[in-house]
$ cat input-v9.csv   # CSV, C-alpha atoms
chain,number,residue,atom,x,y,z
A,1357,MET,CA,97.9,179.8,87.1
A,1358,LYS,CA,101.6,180.2,86.1
A,1359,ALA,CA,102.4,181.7,89.4
A,1360,ARG,CA,100.6,179.0,91.3
A,1361,ARG,CA,102.3,176.3,89.4
A,1362,LEU,CA,105.7,177.9,90.0
A,1363,SER,CA,105.0,178.4,93.7
A,1364,ALA,CA,103.9,174.8,94.1
A,1365,VAL,CA,107.2,173.6,92.7
A,1366,LEU,CA,109.2,175.9,94.9
A,1367,ALA,CA,107.1,175.0,97.9
A,1368,ILE,CA,108.2,171.3,97.6
A,1369,GLY,CA,111.8,172.4,97.7
A,1370,VAL,CA,111.2,174.7,100.7
A,1371,LEU,CA,109.4,172.1,102.7
A,1372,THR,CA,111.9,169.3,102.0
A,1373,LEU,CA,114.9,171.5,102.7
A,1374,GLY,CA,113.4,172.8,105.9
A,1375,ALA,CA,112.4,169.3,107.0
A,1376,SER,CA,115.8,167.8,106.5
A,1377,ALA,CA,118.0,170.6,107.7
A,1378,CYS,CA,116.1,172.3,110.6
A,1379,GLY,CA,117.7,170.1,113.2
A,1380,GLU,CA,121.3,171.0,112.3
A,1381,SER,CA,122.6,174.6,112.4
A,1382,GLY,CA,125.6,173.4,110.4
A,1383,SER,CA,123.7,171.5,107.8
A,1384,ASP,CA,125.6,170.7,104.6
A,1385,LEU,CA,123.5,172.5,102.0
A,1386,GLY,CA,126.4,173.1,99.6
A,1387,GLY,CA,127.4,169.6,98.4
A,1388,GLY,CA,129.8,168.8,95.7
A,1389,GLY,CA,132.8,169.8,97.8
A,1390,GLY,CA,136.1,168.2,97.2
A,1391,ASN,CA,136.1,165.2,94.8
A,1392,SER,CA,132.8,163.7,95.9
A,1393,THR,CA,131.2,164.3,92.6
A,1394,SER,CA,133.0,163.8,89.3
A,1395,TYR,CA,132.2,164.3,85.6
A,1396,GLU,CA,133.8,163.4,82.3
A,1397,VAL,CA,136.9,165.4,81.3
A,1398,VAL,CA,137.2,165.0,77.6
A,1399,LYS,CA,140.5,163.7,76.5
A,1400,ASP,CA,142.2,165.2,73.4
A,1401,ALA,CA,139.5,167.8,73.0
A,1402,LYS,CA,140.0,169.7,69.7
A,1403,PHE,CA,138.5,173.1,68.7
A,1404,ASP,CA,138.8,175.5,65.8
A,1405,PRO,CA,141.8,177.8,66.1
A,1406,GLY,CA,141.1,181.2,67.3
A,1407,THR,CA,138.0,180.2,69.3
A,1408,THR,CA,137.6,180.8,73.0
A,1409,MET,CA,137.3,177.1,73.4
A,1410,ASP,CA,140.7,176.5,71.7
A,1411,ARG,CA,142.3,179.2,73.8
A,1412,LEU,CA,141.0,177.8,77.1
A,1413,ASN,CA,141.8,174.2,76.1
A,1414,LYS,CA,145.4,175.1,75.3
A,1415,ALA,CA,145.8,177.1,78.5
A,1416,GLY,CA,144.5,174.2,80.5
A,1417,THR,CA,142.8,176.5,83.0
A,1418,ILE,CA,139.7,178.7,83.1
A,1419,LYS,CA,138.5,181.6,85.4
A,1420,VAL,CA,134.9,181.1,86.6
A,1421,GLY,CA,132.9,183.6,88.7
A,1422,VAL,CA,130.6,182.2,91.4
A,1423,LYS,CA,128.8,183.4,94.5
A,1424,TYR,CA,130.4,182.6,97.9
A,1425,ASP,CA,127.4,183.2,100.2
A,1426,GLN,CA,124.4,181.2,98.7
A,1427,PRO,CA,124.0,177.8,100.3
A,1428,GLY,CA,123.2,175.0,97.9
A,1429,LEU,CA,124.0,177.2,94.8
A,1430,GLY,CA,127.3,179.0,95.3
A,1431,ASN,CA,128.8,178.9,98.8
A,1432,LYS,CA,132.4,178.9,100.2
A,1433,ASN,CA,132.8,176.0,102.5
A,1434,PRO,CA,134.4,177.3,105.7
A,1435,SER,CA,136.1,174.0,106.4
A,1436,THR,CA,137.7,173.4,103.0
A,1437,GLY,CA,137.9,177.0,101.7
A,1438,LYS,CA,136.4,175.8,98.4
A,1439,PRO,CA,133.2,177.0,96.7
A,1440,GLU,CA,130.4,174.4,96.3
A,1441,GLY,CA,126.8,174.2,95.2
A,1442,LEU,CA,124.9,173.7,92.0
A,1443,ASP,CA,126.5,176.6,90.2
A,1444,VAL,CA,129.9,175.2,91.0
A,1445,GLU,CA,129.0,171.7,89.8
A,1446,MET,CA,127.6,173.0,86.5
A,1447,ALA,CA,130.8,174.9,86.0
A,1448,LYS,CA,132.8,171.6,86.4
A,1449,ILE,CA,130.5,169.9,83.9
A,1450,ILE,CA,131.0,172.6,81.3
A,1451,VAL,CA,134.7,172.9,81.8
A,1452,GLY,CA,135.1,169.1,81.5
A,1453,ARG,CA,133.8,169.4,77.9
A,1454,LEU,CA,136.7,171.7,77.3
A,1455,GLY,CA,139.1,169.1,78.4
A,1456,ILE,CA,140.0,170.9,81.6
A,1457,ALA,CA,140.0,169.1,84.9
A,1458,PRO,CA,138.0,170.6,87.8
A,1459,ASP,CA,141.1,171.3,89.9
A,1460,LYS,CA,142.3,173.6,87.1
A,1461,ILE,CA,139.3,175.9,87.5
A,1462,GLU,CA,140.2,179.3,89.1
A,1463,PHE,CA,137.0,180.3,91.0
A,1464,SER,CA,136.5,184.0,91.8
A,1465,GLU,CA,133.9,185.5,94.1
A,1466,THR,CA,131.4,187.4,91.9
A,1467,VAL,CA,128.8,189.5,93.5
A,1468,SER,CA,125.7,190.7,91.6
A,1469,LYS,CA,127.0,194.2,90.9
A,1470,ASN,CA,130.3,193.1,89.3
A,1471,ARG,CA,129.1,190.3,87.1
A,1472,GLU,CA,128.9,192.3,83.9
A,1473,PRO,CA,132.2,194.2,84.5
A,1474,PHE,CA,134.0,190.9,85.2
A,1475,LEU,CA,132.9,189.5,81.9
A,1476,GLN,CA,133.6,192.7,79.9
A,1477,ASN,CA,137.1,193.2,81.3
A,1478,GLY,CA,138.1,189.6,81.2
A,1479,THR,CA,138.4,189.0,84.9
A,1480,VAL,CA,136.5,185.8,84.4
A,1481,ASP,CA,135.8,183.6,81.3
A,1482,MET,CA,132.3,182.7,82.4
A,1483,ILE,CA,129.9,183.3,85.3
A,1484,LEU,CA,127.6,180.9,87.1
A,1485,ALA,CA,126.3,183.0,90.0
A,1486,THR,CA,122.5,182.7,90.3
A,1487,TYR,CA,122.7,185.0,87.2
A,1488,SER,CA,119.1,185.5,85.9
A,1489,ILE,CA,118.7,185.9,82.2
A,1490,THR,CA,117.1,189.2,81.3
A,1491,ALA,CA,116.7,191.2,78.1
A,1492,LYS,CA,118.5,194.2,79.7
A,1493,ARG,CA,121.5,192.1,80.6
A,1494,LYS,CA,121.7,190.6,77.1
A,1495,LEU,CA,122.6,194.1,75.9
A,1496,LEU,CA,125.8,193.8,77.9
A,1497,VAL,CA,126.7,190.1,78.0
A,1498,SER,CA,125.7,186.8,76.5
A,1499,PHE,CA,123.9,183.9,78.2
A,1500,ALA,CA,123.8,180.2,77.7
A,1501,GLY,CA,121.0,178.2,79.4
A,1502,PRO,CA,119.0,178.4,81.5
A,1503,TYR,CA,120.2,175.5,83.6
A,1504,TYR,CA,117.9,176.1,86.6
A,1505,VAL,CA,114.6,178.0,87.1
A,1506,THR,CA,113.4,179.4,90.5
A,1507,GLY,CA,111.3,182.4,91.7
A,1508,GLN,CA,111.5,185.4,94.0
A,1509,GLN,CA,110.2,185.1,97.6
A,1510,LEU,CA,110.6,186.7,101.0
A,1511,LEU,CA,112.6,185.8,104.1
A,1512,VAL,CA,111.3,187.3,107.4
A,1513,LEU,CA,111.8,186.8,111.1
A,1514,LYS,CA,110.0,183.7,112.5
A,1515,ASP,CA,107.8,185.6,114.8
A,1516,ASP,CA,106.8,188.2,112.2
A,1517,ASP,CA,103.3,187.5,110.9
A,1518,SER,CA,102.8,191.0,109.4
A,1519,ILE,CA,104.4,189.9,106.1
A,1520,LYS,CA,102.9,187.0,104.2
A,1521,GLY,CA,103.8,188.1,100.7
A,1522,PRO,CA,104.8,191.0,98.6
A,1523,ASP,CA,101.5,192.8,99.0
A,1524,ASP,CA,102.4,193.3,102.6
A,1525,LEU,CA,105.6,195.3,102.0
A,1526,ALA,CA,104.2,198.8,102.1
A,1527,GLY,CA,106.4,200.8,104.5
A,1528,LYS,CA,108.6,197.8,105.1
A,1529,LYS,CA,112.4,197.8,104.7
A,1530,VAL,CA,113.2,195.1,102.2
A,1531,CYS,CA,116.8,194.1,101.7
A,1532,SER,CA,118.4,192.6,98.5
A,1533,VAL,CA,121.7,192.7,96.7
A,1534,SER,CA,122.8,195.8,94.8
A,1535,ALA,CA,122.1,195.7,91.0
A,1536,SER,CA,120.2,192.4,91.4
A,1537,THR,CA,117.0,191.4,89.6
A,1538,PRO,CA,115.1,190.9,92.9
A,1539,LEU,CA,116.0,194.4,94.1
A,1540,GLY,CA,114.9,195.8,90.7
A,1541,LYS,CA,111.5,194.1,90.9
A,1542,ILE,CA,110.8,195.5,94.4
A,1543,GLN,CA,111.7,199.0,93.2
A,1544,ALA,CA,109.6,198.7,90.0
A,1545,ASP,CA,106.5,196.7,91.2
A,1546,TYR,CA,106.2,197.4,95.0
A,1547,LYS,CA,106.9,201.2,95.2
A,1548,GLN,CA,105.6,201.6,98.7
A,1549,ALA,CA,108.3,199.3,100.0
A,1550,LYS,CA,111.6,200.7,101.3
A,1551,PRO,CA,114.4,198.9,99.4
A,1552,VAL,CA,117.7,198.5,101.1
A,1553,ALA,CA,120.8,197.3,99.1
A,1554,PHE,CA,123.9,195.5,100.3
A,1555,ALA,CA,126.7,193.7,98.4
A,1556,THR,CA,125.8,190.2,99.6
A,1557,TYR,CA,122.7,188.3,100.8
A,1558,THR,CA,124.6,187.4,104.0
A,1559,GLU,CA,124.7,191.0,104.9
A,1560,CYS,CA,121.0,191.3,104.2
A,1561,VAL,CA,120.3,188.3,106.5
A,1562,ASP,CA,122.4,189.8,109.2
A,1563,GLN,CA,120.4,193.0,108.9
A,1564,LEU,CA,117.2,191.1,109.2
A,1565,LEU,CA,118.4,189.2,112.3
A,1566,ASN,CA,119.5,192.5,113.9
A,1567,LYS,CA,116.0,193.9,113.1
A,1568,GLN,CA,117.4,196.6,110.9
A,1569,VAL,CA,115.3,195.5,107.9
A,1570,ASP,CA,111.9,193.8,107.8
A,1571,ALA,CA,112.5,191.3,105.0
A,1572,VAL,CA,115.1,189.9,102.6
A,1573,THR,CA,114.1,189.1,99.1
A,1574,THR,CA,115.7,187.0,96.4
A,1575,ASP,CA,115.2,183.6,94.7
A,1576,GLY,CA,113.4,181.1,96.9
A,1577,ALA,CA,116.2,178.5,96.6
A,1578,ILE,CA,118.7,181.0,98.1
A,1579,LEU,CA,116.5,182.1,100.9
A,1580,LEU,CA,115.8,178.5,101.8
A,1581,GLY,CA,119.4,177.9,102.7
A,1582,TYR,CA,119.5,180.8,105.1
A,1583,ALA,CA,116.2,179.7,106.7
A,1584,ALA,CA,117.4,176.2,107.1
A,1585,ARG,CA,120.6,177.4,108.8
A,1586,ASN,CA,118.6,179.4,111.4
A,1587,PRO,CA,115.1,177.7,111.5
A,1588,SER,CA,114.3,179.1,115.0
A,1589,LYS,CA,114.6,182.7,113.8
A,1590,LEU,CA,113.9,182.8,110.1
A,1591,LYS,CA,111.2,181.6,107.7
A,1592,VAL,CA,110.4,181.9,104.0
A,1593,VAL,CA,106.9,183.3,103.3
A,1594,GLY,CA,104.5,183.7,100.4
A,1595,ASP,CA,104.2,182.4,96.9
A,1596,ALA,CA,106.8,183.0,94.3
A,1597,PHE,CA,106.2,186.3,92.5
A,1598,SER,CA,108.6,186.1,89.7
A,1599,GLU,CA,110.3,183.5,87.5
A,1600,GLU,CA,114.1,183.6,87.5
A,1601,LYS,CA,116.0,181.6,84.8
A,1602,TYR,CA,119.7,181.1,85.8
A,1603,GLY,CA,122.0,181.2,82.9
A,1604,VAL,CA,125.8,181.0,82.2
A,1605,GLY,CA,127.1,184.5,81.7
A,1606,LEU,CA,129.6,184.9,78.8
A,1607,LYS,CA,131.3,187.8,77.0
A,1608,LYS,CA,129.0,189.6,74.7
A,1609,ASP,CA,128.7,188.3,71.1
A,1610,ASP,CA,130.9,185.2,71.5
A,1611,LYS,CA,128.4,183.0,69.7
A,1612,ALA,CA,130.7,180.1,69.2
A,1613,PHE,CA,131.4,179.8,72.9
A,1614,ARG,CA,127.7,180.3,73.8
A,1615,ASP,CA,126.8,177.5,71.4
A,1616,PHE,CA,129.4,175.3,73.0
A,1617,VAL,CA,128.2,175.9,76.5
A,1618,ASN,CA,124.6,175.3,75.4
A,1619,ASP,CA,125.6,172.0,73.9
A,1620,ALA,CA,127.5,171.1,77.1
A,1621,LEU,CA,124.4,171.9,79.1
A,1622,GLN,CA,122.1,169.9,76.8
A,1623,LYS,CA,124.4,166.9,77.1
A,1624,ALA,CA,124.3,167.2,80.9
A,1625,PHE,CA,120.5,167.2,80.8
A,1626,ASP,CA,120.5,164.2,78.6
A,1627,ASN,CA,123.2,162.0,80.2
A,1628,GLY,CA,122.2,162.5,83.8
A,1629,ASP,CA,125.0,164.8,84.9
A,1630,TRP,CA,122.6,167.6,85.6
A,1631,LYS,CA,120.6,165.4,87.9
A,1632,LYS,CA,123.9,164.2,89.5
A,1633,ALA,CA,124.8,167.8,90.2
A,1634,TYR,CA,121.4,168.6,91.6
A,1635,ASP,CA,121.4,165.6,93.9
A,1636,ALA,CA,124.9,166.5,95.2
A,1637,THR,CA,123.8,170.0,96.1
A,1638,LEU,CA,120.1,171.2,96.4
A,1639,GLY,CA,119.1,167.5,96.5
A,1640,LYS,CA,120.8,167.1,99.8
A,1641,SER,CA,117.8,168.9,101.2
A,1642,GLY,CA,115.7,165.9,100.3
A,1643,SER,CA,114.1,167.6,97.3
A,1644,LYS,CA,113.9,165.6,94.1
A,1645,ALA,CA,115.5,167.0,91.0
A,1646,PRO,CA,112.9,168.6,88.7
A,1647,GLU,CA,113.0,168.2,84.9
A,1648,PRO,CA,115.8,170.2,83.4
A,1649,PRO,CA,114.6,173.5,81.8
A,1650,ALA,CA,114.5,174.0,78.0
A,1651,LEU,CA,117.5,175.9,76.6
A,1652,GLU,CA,116.8,179.3,75.1
A,1653,ARG,CA,119.3,179.4,72.2
A,1654,TYR,CA,119.8,182.6,70.2
$ encode --input "input-v9.csv" --output "structure tokens"
Amino acid sequence: MKARRLSAVLAIGVLTLGASACGESGSDLGGGGGNSTSYEVVKDAKFDPGTTMDRLNKAGTIKVGVKYDQPGLGNKNPSTGKPEGLDVEMAKIIVGRLGIAPDKIEFSETVSKNREPFLQNGTVDMILATYSITAKRKLLVSFAGPYYVTGQQLLVLKDDDSIKGPDDLAGKKVCSVSASTPLGKIQADYKQAKPVAFATYTECVDQLLNKQVDAVTTDGAILLGYAARNPSKLKVVGDAFSEEKYGVGLKKDDKAFRDFVNDALQKAFDNGDWKKAYDATLGKSGSKAPEPPALERY
């Protein structure tokens, strides 16, 4: 029942995105680019000395890791050269609570395999990069959130009717990103599949279009953007077969900063900023913003 409910929610997003974007190969699925969406920047924000919040506020800048190849979530706009998407908008909201303007954010491309190292070595201060909260990852980093919930699905060629869901993956080459949760699920739960790993989902999609792999797997919201950009050749198939909770990745054991980010997320849920961010990004597909998820504080 849980899987059916989740897949039903995702199906609404899939259908609405496909319907609105299939006629345009250059559809704007990122949203939030430039100054089109704005959020409060707290004036004269004050924090306890020695906290991460105080350090960042005094510096007046922050380093944030995001994806550059996931339309609607974290995608580098080829026209502006700036990242855009829901993850980027959520970063702006959080940073505004620190008293830092969005143009003072230093965004860095963060692929799945370097998310933990980037937090551990201080390359970035926080990560919003379709970063699923898992118990294993909590051993290495901390999470605030979740701020969005989705589920794993499959992307295949439009004319391929041999794959309708994960139970059809035996003997099939299935591509996902190195060290990602979706790749791990294929390896653990669908052992007759042939997993193939690349650094980015764009590389996986290119492999699919060139018929070097049979399917690409990751969260449905991500696959949707690729299918909408190439609707004559690609399609998303099957029900969701996981539940992925996107969280804000933070350095391990910085409880004060984690609590601050959770408070910022809750405020965004309550005051409408979260919906504004959704409408400016994934909502451009025509899908309506769902209810914000419940935070999992610890």
$ closest_residue --input "input-v9.csv" --among "A:Pro1551, A:Pro1522, A:Pro1649, A:Gly1428" --to "A:Gly1603" --atoms "only C-alpha atoms"
A:Pro1649
$ residues_near_point --input "input-v9.csv" --point "(126.2, 181.1, 79.7)" --cutoff "8 Å" --atoms "all atoms listed in the file" --output "mmCIF file with C-alpha atoms, keeping the file's coordinate frame"
data_model
loop_
_atom_site.group_PDB
_atom_site.id
_atom_site.type_symbol
_atom_site.label_atom_id
_atom_site.label_comp_id
_atom_site.auth_asym_id
_atom_site.auth_seq_id
_atom_site.Cartn_x
_atom_site.Cartn_y
_atom_site.Cartn_z
ATOM 1 C CA MET A 1482 132.300 182.700 82.400
ATOM 2 C CA ILE A 1483 129.900 183.300 85.300
ATOM 3 C CA LEU A 1484 127.600 180.900 87.100
ATOM 4 C CA SER A 1498 125.700 186.800 76.500
ATOM 5 C CA PHE A 1499 123.900 183.900 78.200
ATOM 6 C CA ALA A 1500 123.800 180.200 77.700
ATOM 7 C CA GLY A 1501 121.000 178.200 79.400
ATOM 8 C CA PRO A 1502 119.000 178.400 81.500
ATOM 9 C CA GLY A 1603 122.000 181.200 82.900
ATOM 10 C CA VAL A 1604 125.800 181.000 82.200
ATOM 11 C CA GLY A 1605 127.100 184.500 81.700
ATOM 12 C CA LEU A 1606 129.600 184.900 78.800
ATOM 13 C CA ARG A 1614 127.700 180.300 73.800
ATOM 14 C CA VAL A 1617 128.200 175.900 76.500
ATOM 15 C CA ASN A 1618 124.600 175.300 75.400
#
$ closest_residue --input "input-v9.csv" --among "A:Ser1588, A:Asn1413, A:Asn1627, A:Thr1573" --to "A:Arg1453" --atoms "all atoms listed in the file"
A:Asn1413
$ closest_residue --input "input-v9.csv" --among "A:Asn1586, A:Trp1630, A:Phe1613, A:Lys1608" --to "A:Phe1403" --atoms "all atoms listed in the file"
A:Phe1613
$ closest_atom_pairs --input "input-v9.csv" --of "stretch 1465-1505 of chain A" --to "stretch 1538-1541 of chain A" --cutoff "12 Å" --atoms "all atoms listed in the file" --output "tab-separated table"
residue	atom	partner	partner_atom	distance
A:Ser1468	CA	A:Leu1539	CA	10.7
A:Lys1469	CA	A:Leu1539	CA	11.5
A:Thr1486	CA	A:Pro1538	CA	11.3
A:Tyr1487	CA	A:Pro1538	CA	11.2
A:Ser1488	CA	A:Pro1538	CA	9.7
A:Thr1490	CA	A:Gly1540	CA	11.7
A:Lys1492	CA	A:Gly1540	CA	11.7
$ closest_residue --input "input-v9.csv" --among "A:Ala1636, A:Lys1432, A:Ala1555, A:Tyr1504" --to "A:Pro1648" --atoms "only C-alpha atoms"
A:Tyr1504
$ closest_residue --input "input-v9.csv" --among "A:Thr1436, A:Met1409, A:Tyr1602, A:Ala1571" --to "A:Lys1520" --atoms "only C-alpha atoms"
A:Ala1571
$ atom_distance --input "input-v9.csv" --atom1 "atom CA of A:Lys1528" --atom2 "atom CA of A:Asn1566"
15.0 Å
$ atom_distance --input "input-v9.csv" --atom1 "atom CA of A:Gly1527" --atom2 "atom CA of A:Gln1426"
27.2 Å
$ residues_around --input "input-v9.csv" --residues "stretch 1473-1480 of chain A" --least-positions-apart "5" --cutoff "9 Å" --atoms "all atoms listed in the file" --output "short mmCIF file (atom, residue, chain, number, x, y, z; two decimals) with C-alpha atoms, in the coordinates of the input"
data_model
loop_
_atom_site.label_atom_id
_atom_site.label_comp_id
_atom_site.auth_asym_id
_atom_site.auth_seq_id
_atom_site.Cartn_x
_atom_site.Cartn_y
_atom_site.Cartn_z
CA ILE A 1418 139.70 178.70 83.10
CA LYS A 1419 138.50 181.60 85.40
CA VAL A 1420 134.90 181.10 86.60
CA GLY A 1421 132.90 183.60 88.70
CA GLU A 1462 140.20 179.30 89.10
CA PHE A 1463 137.00 180.30 91.00
CA SER A 1464 136.50 184.00 91.80
CA THR A 1466 131.40 187.40 91.90
CA LEU A 1496 125.80 193.80 77.90
CA VAL A 1497 126.70 190.10 78.00
CA GLY A 1605 127.10 184.50 81.70
CA LEU A 1606 129.60 184.90 78.80
CA LYS A 1607 131.30 187.80 77.00
CA LYS A 1608 129.00 189.60 74.70
#
